[in-house]
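Worksheet: the structure to be examined is printed underneath.
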Amino acid sequence: MATLNTTNIKHASSGSNNIVLAADGSCTFPNTSTGKILQVVQTVKKDTFSFTTTASTISTSGDVTGLNVTITPSNASNKILLIPSIVVSHDAVFVYLYKDGSLIDQIGNAGNDGDGNALIRSTFGAVSNSMNCSTTTGLLLDTAGGTSAITYSIRLGAMWIGSSTKTLFLNKTGRTNEVYSSTYRLGRYISTFTAIEIAA
């Protein structure tokens, strides 16, 4: 079988090389950079996190510790595809995505419950109970907006605004014992947060 040895392939009318072949077998296609994946960064959280609400108040946690993802874009116009995947328990949990400490503005539209009470607006949500966990995930496309390092983070909120407090859990159920009964077995989980830079 014949082998063609070359480092560049160029159209006759082109002023520069169209396809550049590297020694490791990779190829560069200069006219098709849009949509190219430039880098992937992922954080995996294996330990647990909890947040206790404040009574009679709409409460939001601080950043979920150990689940931030930091990415440095190569171009301000590039897109950052965010893929959170978190495991939570204890009633309705609201999930918020933050960019360098500020809430990303892709949240639900304003509205009310029919009695004039404002609806809680968040990015994602999950429903579970004290014995079961729920995985909530999604895709969100953000514009880099600069070439400095960006830190994305996740915060949690609760539907519960009663006169008592409630604790939300991540990567575990609300039960303290591993074996709940002879019938049920409780588990531990992981949560991940992935950021992918895509050329504009």
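Chain lettering (A, B, ...) mirrors the order of the structure tokens, residue numbering begins at 1 for each chain separately, and ligand numbering begins at 1 in order of display.
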Skipping near chain neighbours, those fewer than 5 positions away, what residues fall within 6 Å of Thr165 of chain A using only C-alpha atoms, listed as an MDAnalysis selection string? chainID A and resid 53:55
How would the residues just picked look written out with C-alpha atoms as a short mmCIF file (atom, residue, chain, number, x, y, z; two decimals), in the first residue's frame?
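Once written, out-v3.cif looks like this:
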```
data_model
loop_
_atom_site.label_atom_id
_atom_site.label_comp_id
_atom_site.auth_asym_id
_atom_site.auth_seq_id
_atom_site.Cartn_x
_atom_site.Cartn_y
_atom_site.Cartn_z
CA THR A 53 -32.76 27.06 56.07
CA THR A 54 -33.66 30.09 58.15
CA ALA A 55 -37.14 29.94 59.64
#
```
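Residues in contact with Thr7 of chain A at 9 Å, where only C-alpha atoms are counted and same-chain residues fewer than 3 positions away are skipped, are listed as Ile19, Val20, Leu21, Ala22 and Ala23 of chain A.
Each of A:Thr57, A:Thr173, A:Ser13, A:Ser134 was checked against Ala92 of chain A using only C-alpha atoms; the smallest atom-to-atom distance is that of A:Ser134.
When only C-alpha atoms are used to measure the gap to Thr167 of chain A, the shortest distance among A:Ile83, A:Leu67, A:Val88, A:Ala12 belongs to A:Val88.
For the choices A:Thr143, A:Thr135, A:Gln39, A:Thr48, the atom-to-atom distance to Ile71 of chain A is smallest for A:Gln39 when using only C-alpha atoms.
Residues within 9 Å of Thr137 of chain A, counting only C-alpha atoms and excluding same-chain residues fewer than 2 positions away, are Ile83, Pro84, Ser85, Ile86, Val87, Phe124, Gly125, Thr135 and Leu139 of chain A.
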Of the listed residues A:Thr6, A:Ser26, A:Thr194, A:Ser59, that which approaches Lys45 of chain A most closely, counting only C-alpha atoms: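 With only C-alpha atoms as the atom set, the closest residue is A:Thr194.
Of the listed residues (A:Leu38, A:Val127, A:Cys133, A:Leu156), A:Leu38 comes nearest to Leu81 of chain A; the distances count only C-alpha atoms.
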If you run DSSP on the backbone here, which positions in segment 7-166 of chain A get strand (DSSP E)? Please write them as a PyMOL selection string. chain A and resi 8-9+19-21+27-28+37-45+49-52+69-71+79-89+91-99+102-103+124-128+134-137+140-143+150-158
Have a look at A:Thr147, A:Asn132, A:Thr123, A:Ser77 and name the one nearest to Ile198 of chain A; count only C-alpha atoms.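 Of A:Thr147, A:Asn132, A:Thr123, A:Ser77, the one nearest Ile198 of chain A, counting only C-alpha atoms, is A:Ser77.
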So that I can check the surroundings of Gln106 of chain A, please list as a list of chain:residue names every protein, DNA and RNA residue that reaches within 12 Å of it, counting only C-alpha atoms and ignoring chain neighbours fewer than 2 positions away. A:Val95, A:Tyr96, A:Leu97, A:Tyr98, A:Lys99, A:Ser102, A:Leu103, A:Ile104, A:Gly108, A:Asn109, A:Ala110, A:Arg121, A:Ser122, A:Thr123, A:Phe124, A:Leu139, A:Leu140, A:Leu141, A:Asp142, A:Thr143
Can you write out the residues you just picked, keeping all heavy atoms, as a compact mmCIF listing (two decimals), in the first residue's frame?
```
# COMPACT_ATOMS: atom_id res chain seq x y z
N VAL A 95 -32.08 24.99 42.47
CA VAL A 95 -30.65 25.00 42.12
C VAL A 95 -30.34 26.29 41.36
O VAL A 95 -31.03 26.63 40.39
CB VAL A 95 -30.29 23.78 41.26
CG1 VAL A 95 -28.80 23.79 40.91
CG2 VAL A 95 -30.66 22.49 41.98
N TYR A 96 -29.30 26.98 41.80
CA TYR A 96 -28.91 28.24 41.20
C TYR A 96 -27.46 28.14 40.71
O TYR A 96 -26.60 27.63 41.42
CB TYR A 96 -29.00 29.39 42.20
CG TYR A 96 -30.35 29.53 42.87
CD1 TYR A 96 -30.64 28.84 44.04
CD2 TYR A 96 -31.32 30.36 42.33
CE1 TYR A 96 -31.88 28.97 44.66
CE2 TYR A 96 -32.56 30.50 42.94
CZ TYR A 96 -32.84 29.80 44.11
OH TYR A 96 -34.06 29.92 44.71
N LEU A 97 -27.19 28.67 39.51
CA LEU A 97 -25.82 28.72 38.98
C LEU A 97 -25.29 30.14 39.09
O LEU A 97 -25.98 31.11 38.74
CB LEU A 97 -25.80 28.26 37.51
CG LEU A 97 -26.29 26.84 37.23
CD1 LEU A 97 -26.05 26.49 35.76
CD2 LEU A 97 -25.60 25.83 38.12
N TYR A 98 -24.06 30.24 39.56
CA TYR A 98 -23.41 31.53 39.76
C TYR A 98 -22.14 31.63 38.91
O TYR A 98 -21.46 30.62 38.69
CB TYR A 98 -23.06 31.74 41.23
CG TYR A 98 -24.22 32.21 42.08
CD1 TYR A 98 -25.28 31.36 42.39
CD2 TYR A 98 -24.28 33.52 42.55
CE1 TYR A 98 -26.35 31.79 43.15
CE2 TYR A 98 -25.34 33.96 43.31
CZ TYR A 98 -26.38 33.10 43.61
OH TYR A 98 -27.44 33.54 44.35
N LYS A 99 -21.85 32.83 38.45
CA LYS A 99 -20.65 33.11 37.65
C LYS A 99 -19.86 34.19 38.37
O LYS A 99 -20.31 35.33 38.50
CB LYS A 99 -21.04 33.58 36.25
CG LYS A 99 -19.87 33.94 35.34
CD LYS A 99 -20.39 34.38 33.98
CE LYS A 99 -19.26 34.69 33.01
NZ LYS A 99 -19.79 35.09 31.67
N SER A 102 -21.90 36.02 40.97
CA SER A 102 -23.16 36.65 40.59
C SER A 102 -24.09 35.61 39.96
O SER A 102 -23.65 34.78 39.16
CB SER A 102 -22.92 37.78 39.59
OG SER A 102 -22.16 38.82 40.17
N LEU A 103 -25.36 35.68 40.31
CA LEU A 103 -26.34 34.75 39.79
C LEU A 103 -26.46 34.89 38.27
O LEU A 103 -26.63 35.99 37.75
CB LEU A 103 -27.71 35.01 40.43
CG LEU A 103 -28.88 34.15 39.96
CD1 LEU A 103 -28.65 32.69 40.33
CD2 LEU A 103 -30.18 34.66 40.57
N ILE A 104 -26.32 33.78 37.55
CA ILE A 104 -26.52 33.80 36.11
C ILE A 104 -27.98 34.12 35.84
O ILE A 104 -28.88 33.58 36.49
CB ILE A 104 -26.12 32.44 35.49
CG1 ILE A 104 -24.60 32.25 35.62
CG2 ILE A 104 -26.53 32.35 34.04
CD1 ILE A 104 -24.10 30.93 35.08
N GLY A 108 -36.06 31.21 35.83
CA GLY A 108 -37.45 31.22 35.42
C GLY A 108 -38.06 32.62 35.43
O GLY A 108 -37.63 33.51 36.19
N ASN A 109 -39.05 32.83 34.58
CA ASN A 109 -39.74 34.11 34.51
C ASN A 109 -40.46 34.43 35.81
O ASN A 109 -40.89 33.55 36.54
CB ASN A 109 -40.75 34.13 33.36
CG ASN A 109 -40.09 34.15 31.99
OD1 ASN A 109 -38.95 34.57 31.86
ND2 ASN A 109 -40.80 33.71 30.99
N ALA A 110 -40.61 35.72 36.07
CA ALA A 110 -41.34 36.16 37.25
C ALA A 110 -42.81 35.78 37.12
O ALA A 110 -43.36 35.69 36.02
CB ALA A 110 -41.20 37.67 37.42
N ARG A 121 -37.76 31.88 41.67
CA ARG A 121 -37.20 31.74 40.33
C ARG A 121 -35.80 31.13 40.44
O ARG A 121 -34.94 31.67 41.13
CB ARG A 121 -37.14 33.09 39.64
CG ARG A 121 -38.51 33.78 39.55
CD ARG A 121 -38.36 35.25 39.22
NE ARG A 121 -37.77 35.42 37.91
CZ ARG A 121 -37.13 36.53 37.52
NH1 ARG A 121 -37.00 37.54 38.37
NH2 ARG A 121 -36.63 36.61 36.31
N SER A 122 -35.58 30.02 39.79
CA SER A 122 -34.28 29.35 39.86
C SER A 122 -33.90 28.81 38.49
O SER A 122 -34.64 28.97 37.52
CB SER A 122 -34.31 28.22 40.89
OG SER A 122 -35.21 27.20 40.49
N THR A 123 -32.73 28.18 38.42
CA THR A 123 -32.24 27.62 37.15
C THR A 123 -32.75 26.21 36.95
O THR A 123 -33.26 25.86 35.88
CB THR A 123 -30.70 27.64 37.14
OG1 THR A 123 -30.23 28.92 37.55
CG2 THR A 123 -30.17 27.35 35.74
N PHE A 124 -32.60 25.36 37.98
CA PHE A 124 -33.07 23.98 37.93
C PHE A 124 -33.74 23.64 39.25
O PHE A 124 -33.68 24.42 40.20
CB PHE A 124 -31.91 23.01 37.68
CG PHE A 124 -31.09 23.31 36.46
CD1 PHE A 124 -29.82 23.85 36.57
CD2 PHE A 124 -31.59 23.07 35.19
CE1 PHE A 124 -29.07 24.14 35.44
CE2 PHE A 124 -30.85 23.36 34.06
CZ PHE A 124 -29.59 23.88 34.19
N LEU A 139 -28.40 21.61 30.87
CA LEU A 139 -27.40 22.23 30.01
C LEU A 139 -27.67 23.72 29.95
O LEU A 139 -28.82 24.14 29.77
CB LEU A 139 -27.46 21.65 28.59
CG LEU A 139 -27.24 20.14 28.43
CD1 LEU A 139 -27.50 19.74 26.99
CD2 LEU A 139 -25.83 19.76 28.84
N LEU A 140 -26.64 24.52 30.11
CA LEU A 140 -26.79 25.97 30.03
C LEU A 140 -25.60 26.54 29.27
O LEU A 140 -24.45 26.25 29.60
CB LEU A 140 -26.88 26.57 31.42
CG LEU A 140 -27.23 28.05 31.48
CD1 LEU A 140 -28.66 28.27 30.98
CD2 LEU A 140 -27.12 28.57 32.90
N LEU A 141 -25.87 27.36 28.24
CA LEU A 141 -24.81 27.94 27.42
C LEU A 141 -24.60 29.39 27.83
O LEU A 141 -25.50 30.22 27.72
CB LEU A 141 -25.20 27.85 25.94
CG LEU A 141 -24.07 27.98 24.91
CD1 LEU A 141 -23.04 26.87 25.10
CD2 LEU A 141 -24.65 27.94 23.50
N ASP A 142 -23.40 29.68 28.30
CA ASP A 142 -23.04 31.02 28.74
C ASP A 142 -21.98 31.61 27.80
O ASP A 142 -21.21 30.86 27.19
CB ASP A 142 -22.49 30.97 30.18
CG ASP A 142 -22.18 32.33 30.74
OD1 ASP A 142 -23.01 33.25 30.57
OD2 ASP A 142 -21.11 32.49 31.37
N THR A 143 -21.96 32.92 27.66
CA THR A 143 -20.90 33.59 26.88
C THR A 143 -19.76 33.94 27.81
O THR A 143 -19.98 34.52 28.89
CB THR A 143 -21.44 34.86 26.20
OG1 THR A 143 -22.51 34.50 25.32
CG2 THR A 143 -20.35 35.55 25.41
```
